Every structure is written in structure tokens, then in C-alpha cells.
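Undergrad: Sharing a structure below in C-alpha cells format, with a few things to ask.
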Amino acid sequence: MEEKQPDTAPAAPDASTEKVISIRGLTKSFGEKKVLQGFDLDVRRGENLMVLGKSGSGKSVLIKCIVRLLDPDAGSISVLGQDVLTLDQEALDRVRVKIGFLFQSSALYDSMTVKENLEFPLRRHWIDRKHQDVDALVEEVLTAVGLPQTREMYPSELSGGMRRRIGLARTLILKPEIVLYDEPTTGLDPISGKEIVELILELQRTYGTSSIIISHDLHVAKLAANRIALLHEGRNYLEGTYKDLLDSDDPLVKKFFIFM
Amino acid sequence: MERKAGIQRILMEVGDLAYFTGRFFRNAFYPRFEWSEFLRQCTVNGYRSLPLVAITAFIMGLVLTVQSRPTLANFGAESMLPSMVAISMVREIAPVITALICAGKIGSSMGAELGSMKVTEQIDAMEVSGTNPFRYLVVTRVWSTILMLPILVVLAMAISIWASWVGVNIKDVVSWELFYRQVFESLEFSDFIPAFIKTYFFGLAIGVVGCYKGFNTEKGTEGVGQAAHSAVVVASLLVFILDLVAVQVTDLMGLN
């Protein structure tokens, strides 16, 4: 955590790297409002892919469809080789355990302490684990997010940035292969935001996670994303590295970079 | 036009509530059972409701006795007071008053707690971590109200009868043994059993409505308030409707 971070994210994995998420023709509407209209996306193992788009463009809807918090109207979603849209509840829960989800609101259980929040998923999926194993894992993830002193605190006693970190620790405790970040820096001050970005990179290095980062924050795009997909009018408008997009002559991309 | 939309909305709500109840029964008898959460809910909904239920039952028993006494005295039927209070309390007042108190206390707390969890995405967080929130949050809460309400009602019956004896002793001196004997000579199993059985349905209604309102909360903080408020209103109304059905059923069975 102490080491100096590079100015831009590392290069994206090459095209031959295994796909951990593959989305084809994803469509989702809410009443008359068409949010996703045939969205395609591939995420490769070990990469941080950022989905960039205006507020209300359907970025959060996209990742909620991946974990089936929302059911899409059409299309296919393959996660770690399994078509999540056809799985029964039990099989879906097994896939969900391999996916960490950081909510924009952190979504910590407010009636539980930080320790109980972290133990909750662990005890439910590894019920044969010994007490000291659970304690050690809680300690490990709290140290990983730099907040070992918050064990006995309640979410209401934490700042916004700390809550976001604990939310991340809770997703990490099950050692997910994929992490979905929903607006990880929104609502945070620039310093806390930068700390979250550093944490995302640190987790990618340490745990080898693959991620989808939903954001409209270009600093996150520059520092944490190996690859960026631009979501526009429900479709994957353009993909590339931060530099590719920065150098792009596409009027929409230019407008995006100027205004954001 | 507005009235038509209102009726349509009520019918849709009834349909959704029926579906939610069906979903509870589909999940209620199959593993995985959330034993620790169920026991926690029994403590919250049963043990912590006890003081309120006990105080109310005491007051109801005492008030009914004190207010009925002059009327019975006019007919020279003061000796009927223990029987009258016991039958009223066991058959109707203790079950209904306890259910209404629980609809207020438990229904509103369930609506507000689950509603708050819904709008702050805590239920979604539970779901994406591979935990079935319906089993963890709803099944445990509804089972706890189904099982705790009859216990609270029996305690309310006992406390109200004791309070009636206290009420009788404000102006007269009647021994507990005599009072107790008069009460139990007038009570039959056909008074107690239907009253006891209907409390399971009251518990089901309170638990299902509280959870349904909380689980379907929308519109942020305002929605949480609405969920708590409408949980109390709908659960209380259902208690009266179930009571009406119960009295018809017991009448048809010749138990009245």
C-alpha cells in the first residue's frame, strides 16, 4: 500500500487470455425506457475493465444483470464458463460466491459490527471452518484494506471512505475471482477516492482478481482500468485503453473527455 | 376512473400478498433453516413483547372487571363476574388485543427494518453474497411470530384473569382459590382451543404482512415510513377479518 502508484494502469491482458465474463446482446428495459439494447462485453482473467458512461446510461443495471439482481429481457451472460441466466437458485448462489460486489452505498449490515459484517458471508459458506480460521481471515482482509482497528465498530461510526473499504473487505473475504465495483469513488473526497483506486490495484495484484469498474470518473479510468468500454445508448460504443480513448477522434469520446 | 384504479391497486396488492404467503410456505419447510436468526427473532418478537403484552392484559382484566361489576350487581349476579371475565378474556379479548399489540409493535418494526435494509441495498448485498434473503429474513421472522404469538396470548389470558381477581378484591374479599375454581368451572376446552388455534393465524398474518411491506419498500426513507405504517394498518385489519372468519367457523362446528 505504501509503494508509489504508476500514473496509468498496467497494460491489458492479450486477447488469448481466458474470458471470465462474456456478455452478448444484453437487453433490458424498464417500462418504455430501453436501458440496454444489445450490449456486448468480454472481461479477461486478471484485468480491470471499466465501463464508462453518463449517469443513467445503464452501467449499474449492467452489473446487476451479471449477478442476477435484475433479470435481463434478452441476451446471454456467461460467468466463469456458466450461463448465469439459465442456472437454478442453488447453482446461481455458487457462482455468486465467486463474484464480489461493491455497492455504491457500501450496503453494510448496519445492525452488525464490522467483524460480524465480515463473518456473515464466511460463516454461511464455510460453516465447517474453525473459529480461529474465521478470526484470521477477518484480520487478513481488514489489514488488506488498511482498517484493522475498526473490528468492533458499527457502520454508522465509519466515514464514507472507510465504509467503502469495509464493503470491499466483505467482498474479498470469500476470495472472489471477479469483483464488480459500482461507482467505487462516487461521493468520496479526492484523497479517499485515490485511496480506493490504489486499493483496487493492490487487490488486483495480490489476489489476481478480474474486475468490472462502473464509473464516470476519468481519474479512476486513468489509474485503475486496463481497458475501458464506453456505454452509450444501451450499447458498447467503443473499447480501448485510456490512451486509445484519449487519442480518439470520435466526437462522442472527445465530448466525454472534455466535459468529464 | 380514480376509483377503478384504486380497486385495481387493492386487488393487485392482495394478489402480491397471497403470492408472498405462498412463497413463505414453499420455503418454510425445506432446508436450509436459519436456526440462529430464528432464535434471535423469537427473542425480539416474543420475549421483548412480553412486558407490553403483560401490562395491557393486566389493565384489560382489571378494567373489564371493575366496569362490569355494577351492571352484574344490578341483577344480583356478582358471583358470575369471574366466569364472565374469564370467558370474555379467553375467547376473544386476550387473543385479539395481544394480536393488535403485536401488529403494532412487531409489524411496524419488521416493516421498518426490512424496508430500511431494502432501500440501503443490504438485501441485495445478502443476495449477491449467495445467501437467500427470503429464507434468512422472511422465513425466520414469520415462523417466530407464528410460534410466539400463541405463547404471548396464553400469558395474556393468565395475567388478565389474575388482574380480574385483583379487581374483584378492590371492593370485596375473595380468595384466589375460590376465584380460580369459579373461573375453571366455567371454562371448557371448546372455549380455549378455537381461541388458541386462531392465534397461529394471527401470527402468520402479522409476520407475513410486516415482511411483505418491508421487502417491497420503494422510494427511499419515505417508503420506509410508509412500509411501517401500512404494515400495522393491514396486519390489524387482517386480525379482525381472521377473527370474523374464526367465529363463523367455530359457530358452524357448534363450538360457540
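Identifiers for the C-alpha cells are assigned positionally: chains receive A, B, ... in sequence, residues are indexed from 1 per chain, and ligands are indexed from 1 in the order shown.
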Find the spatial neighbours of B:Val154, counting only C-alpha atoms, within a cut-off of 9 Å - ignore same-chain residues fewer than 2 positions away - and output them as a list of chain:residue names.
TA: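 The neighbour list is B:Val90, B:Ala94, B:Pro95, B:Leu149, B:Pro150, B:Ile151, B:Leu152, B:Ala156, B:Met157, B:Ala158, B:Ile159, B:Phe196.
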Undergrad: Select, as a list in words, those residues of chain B with any atom no more than 12 Å from chain A (distances computed using only C-alpha atoms).
TA: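 Residues of chain B within 12 Å of chain A, counting only C-alpha atoms: Arg32, Phe33, Glu34, Ser36, Glu37, Glu113, Leu114, Ser116, Met117, Lys118, Val119, Thr120, Glu121, Gln122, Ile123, Asp124, Ala125, Met126, Glu127, Val128, Ser129, Gly130, Thr131, Asn132, Pro133 and Tyr136 of chain B.
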Undergrad: Give me, as a VMD selection string, all polymer residues having an atom no more than 7 Å from A:Gly234, counting only C-alpha atoms and skipping those fewer than 2 positions away in the same chain.
TA: chain A and resid 35 to 39 57 to 58 231 to 232
Undergrad: Restricted to N, CA and C atoms, what would the selected residues look like written as a PDB file, in the first residue's frame?
TA:
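Contents of result-v8.pdb, freshly written:
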ATOM      1  N   VAL A  35     -32.952   0.552 -21.529  1.00  0.00           N
ATOM      2  CA  VAL A  35     -31.677   0.903 -20.888  1.00  0.00           C
ATOM      3  C   VAL A  35     -30.514   0.232 -21.611  1.00  0.00           C
ATOM      4  N   LEU A  36     -30.589  -1.066 -21.778  1.00  0.00           N
ATOM      5  CA  LEU A  36     -29.555  -1.783 -22.526  1.00  0.00           C
ATOM      6  C   LEU A  36     -30.190  -2.319 -23.812  1.00  0.00           C
ATOM      7  N   GLN A  37     -29.483  -2.121 -24.922  1.00  0.00           N
ATOM      8  CA  GLN A  37     -30.064  -2.512 -26.214  1.00  0.00           C
ATOM      9  C   GLN A  37     -29.063  -3.307 -27.034  1.00  0.00           C
ATOM     10  N   GLY A  38     -28.792  -4.524 -26.581  1.00  0.00           N
ATOM     11  CA  GLY A  38     -27.840  -5.368 -27.304  1.00  0.00           C
ATOM     12  C   GLY A  38     -26.404  -5.080 -26.911  1.00  0.00           C
ATOM     13  N   PHE A  39     -26.141  -5.098 -25.600  1.00  0.00           N
ATOM     14  CA  PHE A  39     -24.803  -4.779 -25.095  1.00  0.00           C
ATOM     15  C   PHE A  39     -23.912  -6.025 -25.140  1.00  0.00           C
ATOM     16  N   SER A  57     -27.078   5.890 -17.745  1.00  0.00           N
ATOM     17  CA  SER A  57     -26.907   5.210 -19.042  1.00  0.00           C
ATOM     18  C   SER A  57     -27.076   3.698 -18.936  1.00  0.00           C
ATOM     19  N   GLY A  58     -27.191   3.181 -17.703  1.00  0.00           N
ATOM     20  CA  GLY A  58     -27.423   1.742 -17.539  1.00  0.00           C
ATOM     21  C   GLY A  58     -26.208   0.969 -17.054  1.00  0.00           C
ATOM     22  N   LEU A 231     -20.200   2.943 -22.625  1.00  0.00           N
ATOM     23  CA  LEU A 231     -21.604   2.566 -22.765  1.00  0.00           C
ATOM     24  C   LEU A 231     -22.401   3.785 -23.205  1.00  0.00           C
ATOM     25  N   HIS A 232     -22.987   3.662 -24.392  1.00  0.00           N
ATOM     26  CA  HIS A 232     -23.755   4.793 -24.928  1.00  0.00           C
ATOM     27  C   HIS A 232     -24.999   4.263 -25.620  1.00  0.00           C
TER      28      HIS A 232
END
Undergrad: From stretch 14-182 of chain A, collect each residue whose DSSP state is helix (DSSP H, G or I) and return the set as a PyMOL selection string.
TA: chain A and resi 59-66+89-97+114-125+131-144+148-150+155-157+160-172
Undergrad: Grab the residues selected above and save them as a PDB file, in the first residue's frame with C-alpha atoms.
TA:
ATOM      1  CA  LYS A  59     -23.982   0.980 -16.078  1.00  0.00           C
ATOM      2  CA  SER A  60     -25.308  -0.242 -12.721  1.00  0.00           C
ATOM      3  CA  VAL A  61     -28.111  -2.150 -14.470  1.00  0.00           C
ATOM      4  CA  LEU A  62     -25.425  -3.997 -16.432  1.00  0.00           C
ATOM      5  CA  ILE A  63     -23.582  -5.336 -13.364  1.00  0.00           C
ATOM      6  CA  LYS A  64     -26.836  -6.070 -11.548  1.00  0.00           C
ATOM      7  CA  CYS A  65     -27.787  -8.261 -14.522  1.00  0.00           C
ATOM      8  CA  ILE A  66     -24.452 -10.101 -14.250  1.00  0.00           C
ATOM      9  CA  GLN A  89     -31.040 -20.841  -7.480  1.00  0.00           C
ATOM     10  CA  GLU A  90     -28.512 -23.173  -5.866  1.00  0.00           C
ATOM     11  CA  ALA A  91     -26.111 -23.124  -8.808  1.00  0.00           C
ATOM     12  CA  LEU A  92     -26.521 -19.364  -9.110  1.00  0.00           C
ATOM     13  CA  ASP A  93     -25.593 -18.914  -5.437  1.00  0.00           C
ATOM     14  CA  ARG A  94     -22.437 -20.997  -6.025  1.00  0.00           C
ATOM     15  CA  VAL A  95     -21.444 -18.662  -8.882  1.00  0.00           C
ATOM     16  CA  ARG A  96     -22.322 -15.590  -6.824  1.00  0.00           C
ATOM     17  CA  VAL A  97     -19.859 -16.671  -4.131  1.00  0.00           C
ATOM     18  CA  VAL A 114     -17.573  -4.626  11.141  1.00  0.00           C
ATOM     19  CA  LYS A 115     -16.366  -8.037  12.344  1.00  0.00           C
ATOM     20  CA  GLU A 116     -19.890  -9.503  12.143  1.00  0.00           C
ATOM     21  CA  ASN A 117     -20.331  -7.985   8.667  1.00  0.00           C
ATOM     22  CA  LEU A 118     -17.190  -9.749   7.509  1.00  0.00           C
ATOM     23  CA  GLU A 119     -18.033 -13.024   9.233  1.00  0.00           C
ATOM     24  CA  PHE A 120     -21.558 -13.134   7.793  1.00  0.00           C
ATOM     25  CA  PRO A 121     -20.731 -14.464   4.292  1.00  0.00           C
ATOM     26  CA  LEU A 122     -17.872 -16.548   5.631  1.00  0.00           C
ATOM     27  CA  ARG A 123     -19.869 -18.439   8.251  1.00  0.00           C
ATOM     28  CA  ARG A 124     -22.641 -19.103   5.802  1.00  0.00           C
ATOM     29  CA  HIS A 125     -20.451 -20.627   3.122  1.00  0.00           C
ATOM     30  CA  HIS A 131     -13.280 -20.189  14.882  1.00  0.00           C
ATOM     31  CA  GLN A 132      -9.586 -19.240  14.641  1.00  0.00           C
ATOM     32  CA  ASP A 133      -9.687 -19.567  10.833  1.00  0.00           C
ATOM     33  CA  VAL A 134     -12.586 -17.117  10.680  1.00  0.00           C
ATOM     34  CA  ASP A 135     -10.761 -14.703  13.004  1.00  0.00           C
ATOM     35  CA  ALA A 136      -7.581 -14.954  10.932  1.00  0.00           C
ATOM     36  CA  LEU A 137      -9.448 -14.282   7.680  1.00  0.00           C
ATOM     37  CA  VAL A 138     -11.229 -11.275   9.173  1.00  0.00           C
ATOM     38  CA  GLU A 139      -7.871  -9.932  10.313  1.00  0.00           C
ATOM     39  CA  GLU A 140      -6.329 -10.591   6.895  1.00  0.00           C
ATOM     40  CA  VAL A 141      -8.947  -8.703   4.889  1.00  0.00           C
ATOM     41  CA  LEU A 142      -9.116  -5.841   7.373  1.00  0.00           C
ATOM     42  CA  THR A 143      -5.346  -5.479   7.083  1.00  0.00           C
ATOM     43  CA  ALA A 144      -5.628  -5.678   3.280  1.00  0.00           C
ATOM     44  CA  PRO A 148      -7.647  -3.413  11.285  1.00  0.00           C
ATOM     45  CA  GLN A 149      -8.664  -1.044  14.104  1.00  0.00           C
ATOM     46  CA  THR A 150     -12.358  -0.980  13.068  1.00  0.00           C
ATOM     47  CA  PRO A 155     -21.022   1.060  10.138  1.00  0.00           C
ATOM     48  CA  SER A 156     -22.617   4.269  11.486  1.00  0.00           C
ATOM     49  CA  GLU A 157     -19.307   5.059  13.241  1.00  0.00           C
ATOM     50  CA  GLY A 160     -17.849   7.155   3.765  1.00  0.00           C
ATOM     51  CA  GLY A 161     -14.393   6.084   2.595  1.00  0.00           C
ATOM     52  CA  MET A 162     -13.994   3.638   5.481  1.00  0.00           C
ATOM     53  CA  ARG A 163     -17.414   2.121   4.771  1.00  0.00           C
ATOM     54  CA  ARG A 164     -16.415   1.648   1.123  1.00  0.00           C
ATOM     55  CA  ARG A 165     -13.217  -0.136   2.260  1.00  0.00           C
ATOM     56  CA  ILE A 166     -15.091  -2.387   4.676  1.00  0.00           C
ATOM     57  CA  GLY A 167     -17.563  -3.172   1.893  1.00  0.00           C
ATOM     58  CA  LEU A 168     -14.586  -4.202  -0.204  1.00  0.00           C
ATOM     59  CA  ALA A 169     -13.188  -6.296   2.650  1.00  0.00           C
ATOM     60  CA  ARG A 170     -16.535  -8.089   2.909  1.00  0.00           C
ATOM     61  CA  THR A 171     -16.465  -8.975  -0.778  1.00  0.00           C
ATOM     62  CA  LEU A 172     -12.842 -10.115  -0.527  1.00  0.00           C
TER      63      LEU A 172
END
Undergrad: Hey, can you check how far atom CA of A:Met112 sits from atom CA of A:Tyr207?
TA: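 So the answer is 26.5 Å.
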